[in-house]
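Structure file coords39.cif; described as mmCIF, C-alpha atoms (C1' of nucleotides).
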data_data
#
loop_
_atom_site.group_PDB
_atom_site.id
_atom_site.type_symbol
_atom_site.label_atom_id
_atom_site.label_comp_id
_atom_site.auth_asym_id
_atom_site.auth_seq_id
_atom_site.Cartn_x
_atom_site.Cartn_y
_atom_site.Cartn_z
ATOM 1 C CA MET K 301 11.570 63.558 1.048
ATOM 2 C CA SER K 302 10.865 62.564 -2.507
ATOM 3 C CA GLY K 303 9.625 59.006 -2.511
ATOM 4 C CA TYR K 304 7.628 56.630 -0.373
ATOM 5 C CA TRP K 305 8.094 52.888 -0.227
ATOM 6 C CA LEU K 306 7.052 49.756 1.553
ATOM 7 C CA PHE K 307 9.796 47.255 2.445
ATOM 8 C CA LYS K 308 8.782 43.782 3.451
ATOM 9 C CA ALA K 309 10.714 41.328 5.594
ATOM 10 C CA GLU K 310 9.983 38.143 7.440
ATOM 11 C CA SER K 311 9.756 39.295 11.020
ATOM 12 C CA ASP K 312 12.030 36.586 12.392
ATOM 13 C CA VAL K 313 14.683 37.096 9.689
ATOM 14 C CA TYR K 314 14.901 40.882 9.886
ATOM 15 C CA GLY K 315 12.116 42.422 11.889
ATOM 16 C CA LEU K 316 11.636 45.557 13.943
ATOM 17 C CA SER K 317 13.330 43.906 16.924
ATOM 18 C CA HIS K 318 16.485 43.435 14.834
ATOM 19 C CA LEU K 319 16.457 47.059 13.729
ATOM 20 C CA LEU K 320 15.927 48.246 17.309
ATOM 21 C CA ALA K 321 18.976 46.252 18.368
ATOM 22 C CA GLU K 322 21.239 47.940 15.792
ATOM 23 C CA LYS K 323 23.458 50.851 16.715
ATOM 24 C CA HIS K 324 21.492 54.069 16.166
ATOM 25 C CA GLN K 325 18.629 51.831 14.974
ATOM 26 C CA ARG K 326 20.336 51.872 11.631
ATOM 27 C CA GLY K 327 20.749 48.793 9.466
ATOM 28 C CA ARG K 328 21.347 47.416 6.009
ATOM 29 C CA TRP K 329 18.463 46.256 3.852
ATOM 30 C CA ASP K 330 20.008 43.325 2.016
ATOM 31 C CA GLY K 331 19.101 39.968 0.582
ATOM 32 C CA ILE K 332 16.765 41.288 -2.108
ATOM 33 C CA ARG K 333 16.832 38.650 -4.837
ATOM 34 C CA ASN K 334 13.916 39.595 -7.026
ATOM 35 C CA TYR K 335 14.527 41.658 -10.132
ATOM 36 C CA GLN K 336 11.475 43.869 -9.895
ATOM 37 C CA ALA K 337 12.288 44.718 -6.283
ATOM 38 C CA ARG K 338 15.976 45.150 -7.182
ATOM 39 C CA ASN K 339 15.124 47.606 -9.953
ATOM 40 C CA PHE K 340 13.121 49.798 -7.598
ATOM 41 C CA LEU K 341 15.917 49.672 -5.035
ATOM 42 C CA ARG K 342 18.688 50.373 -7.543
ATOM 43 C CA ASP K 343 16.987 52.923 -9.766
ATOM 44 C CA GLN K 344 14.406 54.769 -7.710
ATOM 45 C CA VAL K 345 14.900 54.440 -3.979
ATOM 46 C CA ALA K 346 16.850 57.511 -2.834
ATOM 47 C CA GLU K 347 18.449 58.741 0.348
ATOM 48 C CA GLY K 348 15.839 60.529 2.441
ATOM 49 C CA ASP K 349 12.898 58.520 1.133
ATOM 50 C CA GLY K 350 10.276 57.341 3.588
ATOM 51 C CA VAL K 351 9.651 53.647 4.099
ATOM 52 C CA LEU K 352 6.881 51.622 5.702
ATOM 53 C CA PHE K 353 8.362 48.574 7.406
ATOM 54 C CA TYR K 354 6.177 45.515 6.876
ATOM 55 C CA HIS K 355 6.359 42.183 8.692
ATOM 56 C CA SER K 356 5.454 39.119 6.657
ATOM 57 C CA SER K 357 5.253 35.427 7.509
ATOM 58 C CA CYS K 358 4.255 35.912 11.107
ATOM 59 C CA LYS K 359 1.210 35.705 13.349
ATOM 60 C CA GLU K 360 0.052 39.223 12.617
ATOM 61 C CA PRO K 361 1.424 40.417 9.273
ATOM 62 C CA GLY K 362 1.309 44.192 8.934
ATOM 63 C CA ILE K 363 3.093 47.545 8.980
ATOM 64 C CA VAL K 364 5.030 48.038 12.190
ATOM 65 C CA ALA K 365 7.201 51.124 11.735
ATOM 66 C CA GLN K 366 8.284 54.068 9.696
ATOM 67 C CA VAL K 367 11.915 54.091 8.633
ATOM 68 C CA LYS K 368 13.939 56.216 6.250
ATOM 69 C CA VAL K 369 16.541 55.533 3.613
ATOM 70 C CA VAL K 370 19.940 56.811 4.755
ATOM 71 C CA SER K 371 22.189 55.800 1.865
ATOM 72 C CA SER K 372 22.064 55.432 -1.868
ATOM 73 C CA ALA K 373 22.052 51.949 -3.360
ATOM 74 C CA TYR K 374 25.337 50.025 -3.208
ATOM 75 C CA PRO K 375 26.314 46.445 -4.022
ATOM 76 C CA ASP K 376 24.809 44.011 -1.536
ATOM 77 C CA PRO K 377 27.836 42.439 0.205
ATOM 78 C CA THR K 378 25.983 39.199 0.926
ATOM 79 C CA GLN K 379 25.996 38.281 -2.767
ATOM 80 C CA PHE K 380 29.792 37.792 -2.599
ATOM 81 C CA ASP K 381 29.795 35.824 0.659
ATOM 82 C CA PRO K 382 29.758 32.063 0.144
ATOM 83 C CA GLN K 383 28.642 31.632 3.750
ATOM 84 C CA SER K 384 25.566 33.777 3.233
ATOM 85 C CA PRO K 385 22.193 32.320 2.311
ATOM 86 C CA TYR K 386 22.030 35.189 -0.198
ATOM 87 C CA TYR K 387 25.283 34.221 -1.915
ATOM 88 C CA ASP K 388 25.067 34.492 -5.696
ATOM 89 C CA PRO K 389 27.981 32.788 -7.456
ATOM 90 C CA LYS K 390 27.044 34.451 -10.740
ATOM 91 C CA SER K 391 27.517 37.928 -9.339
ATOM 92 C CA THR K 392 30.927 39.593 -9.448
ATOM 93 C CA PRO K 393 32.247 42.781 -7.811
ATOM 94 C CA ASP K 394 32.799 44.210 -11.309
ATOM 95 C CA ASN K 395 29.230 43.542 -12.259
ATOM 96 C CA PRO K 396 27.158 43.166 -9.107
ATOM 97 C CA ARG K 397 23.675 41.925 -9.627
ATOM 98 C CA TRP K 398 22.070 42.901 -6.305
ATOM 99 C CA VAL K 399 22.021 46.084 -4.256
ATOM 100 C CA SER K 400 21.352 47.186 -0.695
ATOM 101 C CA VAL K 401 20.458 50.442 0.975
ATOM 102 C CA ASP K 402 20.868 51.494 4.582
ATOM 103 C CA ILE K 403 17.804 52.378 6.605
ATOM 104 C CA GLN K 404 17.208 53.993 9.963
ATOM 105 C CA LEU K 405 14.237 53.851 12.278
ATOM 106 C CA VAL K 406 12.064 56.962 12.360
ATOM 107 C CA LYS K 407 9.445 55.570 14.691
ATOM 108 C CA ALA K 408 7.954 52.283 15.690
ATOM 109 C CA PHE K 409 4.182 52.471 15.354
ATOM 110 C CA LYS K 410 2.344 52.497 18.669
ATOM 111 C CA GLN K 411 -0.423 50.766 16.798
ATOM 112 C CA PRO K 412 0.964 48.317 14.246
ATOM 113 C CA LEU K 413 -1.392 48.143 11.301
ATOM 114 C CA PRO K 414 -2.370 44.554 10.590
ATOM 115 C CA LEU K 415 -2.822 43.434 7.025
ATOM 116 C CA LYS K 416 -6.422 42.524 7.743
ATOM 117 C CA GLN K 417 -7.131 46.126 8.712
ATOM 118 C CA LEU K 418 -5.409 47.483 5.592
ATOM 119 C CA LYS K 419 -7.538 45.180 3.469
ATOM 120 C CA LEU K 420 -10.725 46.662 4.868
ATOM 121 C CA ASP K 421 -9.719 50.282 4.250
ATOM 122 C CA PRO K 422 -11.229 51.709 1.052
ATOM 123 C CA LEU K 423 -8.506 54.376 0.879
ATOM 124 C CA LEU K 424 -5.896 51.655 0.582
ATOM 125 C CA ALA K 425 -7.674 49.420 -1.909
ATOM 126 C CA GLU K 426 -5.172 50.256 -4.657
ATOM 127 C CA MET K 427 -2.073 49.495 -2.601
ATOM 128 C CA ILE K 428 0.390 47.246 -4.383
ATOM 129 C CA LEU K 429 0.691 45.315 -1.131
ATOM 130 C CA LEU K 430 -2.887 44.167 -1.564
ATOM 131 C CA ARG K 431 -2.682 43.638 -5.314
ATOM 132 C CA GLN K 432 0.717 42.071 -5.805
ATOM 133 C CA PRO K 433 1.434 40.519 -2.434
ATOM 134 C CA ARG K 434 4.793 39.017 -3.271
ATOM 135 C CA LEU K 435 6.735 42.158 -4.163
ATOM 136 C CA SER K 436 9.133 42.986 -1.332
ATOM 137 C CA ILE K 437 10.093 46.554 -2.368
ATOM 138 C CA GLN K 438 7.184 48.576 -3.617
ATOM 139 C CA PRO K 439 6.207 52.227 -4.103
ATOM 140 C CA VAL K 440 3.555 53.816 -1.903
ATOM 141 C CA THR K 441 1.583 56.870 -3.030
ATOM 142 C CA PRO K 442 1.742 60.098 -0.995
ATOM 143 C CA ALA K 443 -1.949 59.697 -0.174
ATOM 144 C CA GLU K 444 -1.402 56.142 1.096
ATOM 145 C CA TRP K 445 1.628 57.291 3.053
ATOM 146 C CA ARG K 446 -0.312 60.086 4.788
ATOM 147 C CA HIS K 447 -3.274 57.879 5.512
ATOM 148 C CA ILE K 448 -1.217 55.048 6.973
ATOM 149 C CA ASN K 449 0.775 57.362 9.217
ATOM 150 C CA LYS K 450 -2.457 58.918 10.408
ATOM 151 C CA LEU K 451 -3.912 55.499 11.203
ATOM 152 C CA ALA K 452 -0.766 54.665 13.120
ATOM 153 C CA GLY K 453 -1.269 57.696 15.307
ATOM 154 C CA GLY K 454 1.526 59.675 13.717
ATOM 155 C CA ARG K 455 1.764 63.142 12.339
ATOM 156 C "C1'" DG U 663 11.021 32.166 -27.687
ATOM 157 C "C1'" DC U 664 7.756 28.774 -25.800
ATOM 158 C "C1'" DC U 665 6.231 26.467 -22.018
ATOM 159 C "C1'" DA U 666 6.359 22.694 -18.567
ATOM 160 C "C1'" DA U 667 8.463 21.776 -14.359
ATOM 161 C "C1'" DC U 668 9.991 23.401 -10.427
ATOM 162 C "C1'" DG U 669 10.924 26.780 -6.585
ATOM 163 C "C1'" DT U 670 9.502 30.628 -3.564
ATOM 164 C "C1'" DT U 671 6.497 33.748 -1.177
ATOM 165 C "C1'" DG U 672 3.401 34.509 2.157
ATOM 166 C "C1'" DG U 673 -1.469 34.455 3.944
ATOM 167 C "C1'" DC U 674 -4.247 31.406 6.200
ATOM 168 C "C1'" DG W 1430 1.336 22.536 6.703
ATOM 169 C "C1'" DC W 1431 -1.419 23.807 2.696
ATOM 170 C "C1'" DC W 1432 -1.725 25.902 -1.484
ATOM 171 C "C1'" DA W 1433 -2.456 29.878 -4.792
ATOM 172 C "C1'" DA W 1434 0.108 33.035 -7.235
ATOM 173 C "C1'" DC W 1435 3.918 34.111 -9.286
ATOM 174 C "C1'" DG W 1436 8.972 33.876 -10.660
ATOM 175 C "C1'" DT W 1437 12.790 31.163 -12.603
ATOM 176 C "C1'" DT W 1438 14.980 27.512 -15.118
ATOM 177 C "C1'" DG W 1439 16.063 24.825 -18.860
ATOM 178 C "C1'" DG W 1440 14.978 21.639 -22.767
ATOM 179 C "C1'" DC W 1441 13.599 21.986 -27.267
#

Please lay out the structure from this file as structure tokens.
Amino acid sequence: MSGYWLFKAESDVYGLSHLLAEKHQRGRWDGIRNYQARNFLRDQVAEGDGVLFYHSSCKEPGIVAQVKVVSSAYPDPTQFDPQSPYYDPKSTPDNPRWVSVDIQLVKAFKQPLPLKQLKLDPLLAEMILLRQPRLSIQPVTPAEWRHINKLAGGR
DNA sequence: GCCAACGTTGGC
DNA sequence: GCCAACGTTGGC
């Protein structure tokens, strides 16, 4: 596993419950429409990378699961779908603007880690999540990754 | 290329 | 629902 990431989603749009309902708990991470997030996804996120799944815009925002990347980046199909809220009329199949990756659940955290707890943890003070709250795809350091999985009761 | 107006994110 | 922070748009 080469890289570690945090992916953020509104829990009622695509949350852990949606991923759990997918066949093999495997789903597509789509709808990214921010260039900084897109660049990470397109250029750096790789198959096999580890991902912290974060719920935003809900009662208890926080990290709820560990997932892994199970594909390389490919054009996000929703950008070509006029029915989709993520439709982008300026994007063409020849020159797609937005990408997706597929992800698969590794484990749901027994103890979801609420944002308010992360904020209090000195070992996580440098997390991008806490410094640039609006970025929906962001790198996580190996030290942060280990610490968070330990807090969540993982290995 | 500047920057004001506007839109979105997301915690609270 | 509010609003701060930030991103995007578009006139000039």

Inset, instruction - Determine the residue membership of the PyMOL selection byres ((chain K and resi 434) around 8) for the file above and supply it as number ranges by chain. - result: K: 429, 432-433, 435-436; U: 671-672; W: 1435

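The interatomic distance for the pair CA of Pro412 in chain K and CA of Glu426 in chain K works out to 20.0 Å.
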
Inset, instruction - Could you list the residues in chain W lying within 12 Å of chain K, using only C-alpha atoms (C1' of nucleotides), and format the result as a PyMOL selection string? - result: chain W and resi 1433-1437

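As for CA of Val345 in chain K and CA of Val367 in chain K, they are spaced 13.0 Å apart.
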
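Excluding DC674 in chain U itself and any same-chain residue fewer than 5 positions from it, the protein and nucleic acid residues within 12 Å of it, counting all atoms listed in the file, are K:Ser357, K:Cys358, K:Lys359, K:Glu360, K:Pro361, K:Lys416, W:DG1430, W:DC1431, W:DC1432, W:DA1433.
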
Inset, instruction - Kindly give the distance, in Å, that separates CA of Pro389 in chain K and CA of Asp402 in chain K, rounded to a single decimal. - result: 23.4 Å

Legend entry - Selection result for the PyMOL selection byres ((chain K and resi 338-342) around 9) on this file, as a VMD selection string: chain K and resid 332 to 337 343 to 346 372 to 374 397 to 401 437 to 439

Inset, instruction - Using all atoms listed in the file, find the one residue out of K:Lys323, K:Arg328, K:Lys308, K:His355 that sits nearest to Pro414 in chain K. - result: K:His355

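Take the candidates K:Ser356, K:Asn395, K:Phe380, K:Leu451 and check each one against DG673 in chain U using all atoms listed in the file; the shortest distance goes to K:Ser356.
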
Inset, instruction - Find the residue from K:Asp330, K:Gly350, K:Leu418, K:Pro396 that sits nearest to Thr378 in chain K; use all atoms listed in the file when measuring. - result: K:Asp330

Legend entry - Spatial neighbours of Ile403 in chain K, max dist 10 Å, only C-alpha atoms (C1' of nucleotides), sep filter under 6 positions, as a VMD selection string: chain K and resid 319 325 to 329 347 to 351 367 to 372

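Applied to the file shown here, the PyMOL selection byres ((chain K and resi 420-423) around 12) selects Leu413, Pro414, Leu415, Lys416, Gln417, Leu418, Lys419, Leu424, Ala425, Glu426, Met427, Leu430, Thr441, Pro442, Ala443, Glu444, Trp445, Arg446, His447, Ile448 and Leu451 of chain K.
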
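Nearest to Gln379 in chain K of all the residues K:Gly303, K:Gly453, K:Gly362, K:Pro393 is K:Pro393, based on only C-alpha atoms.
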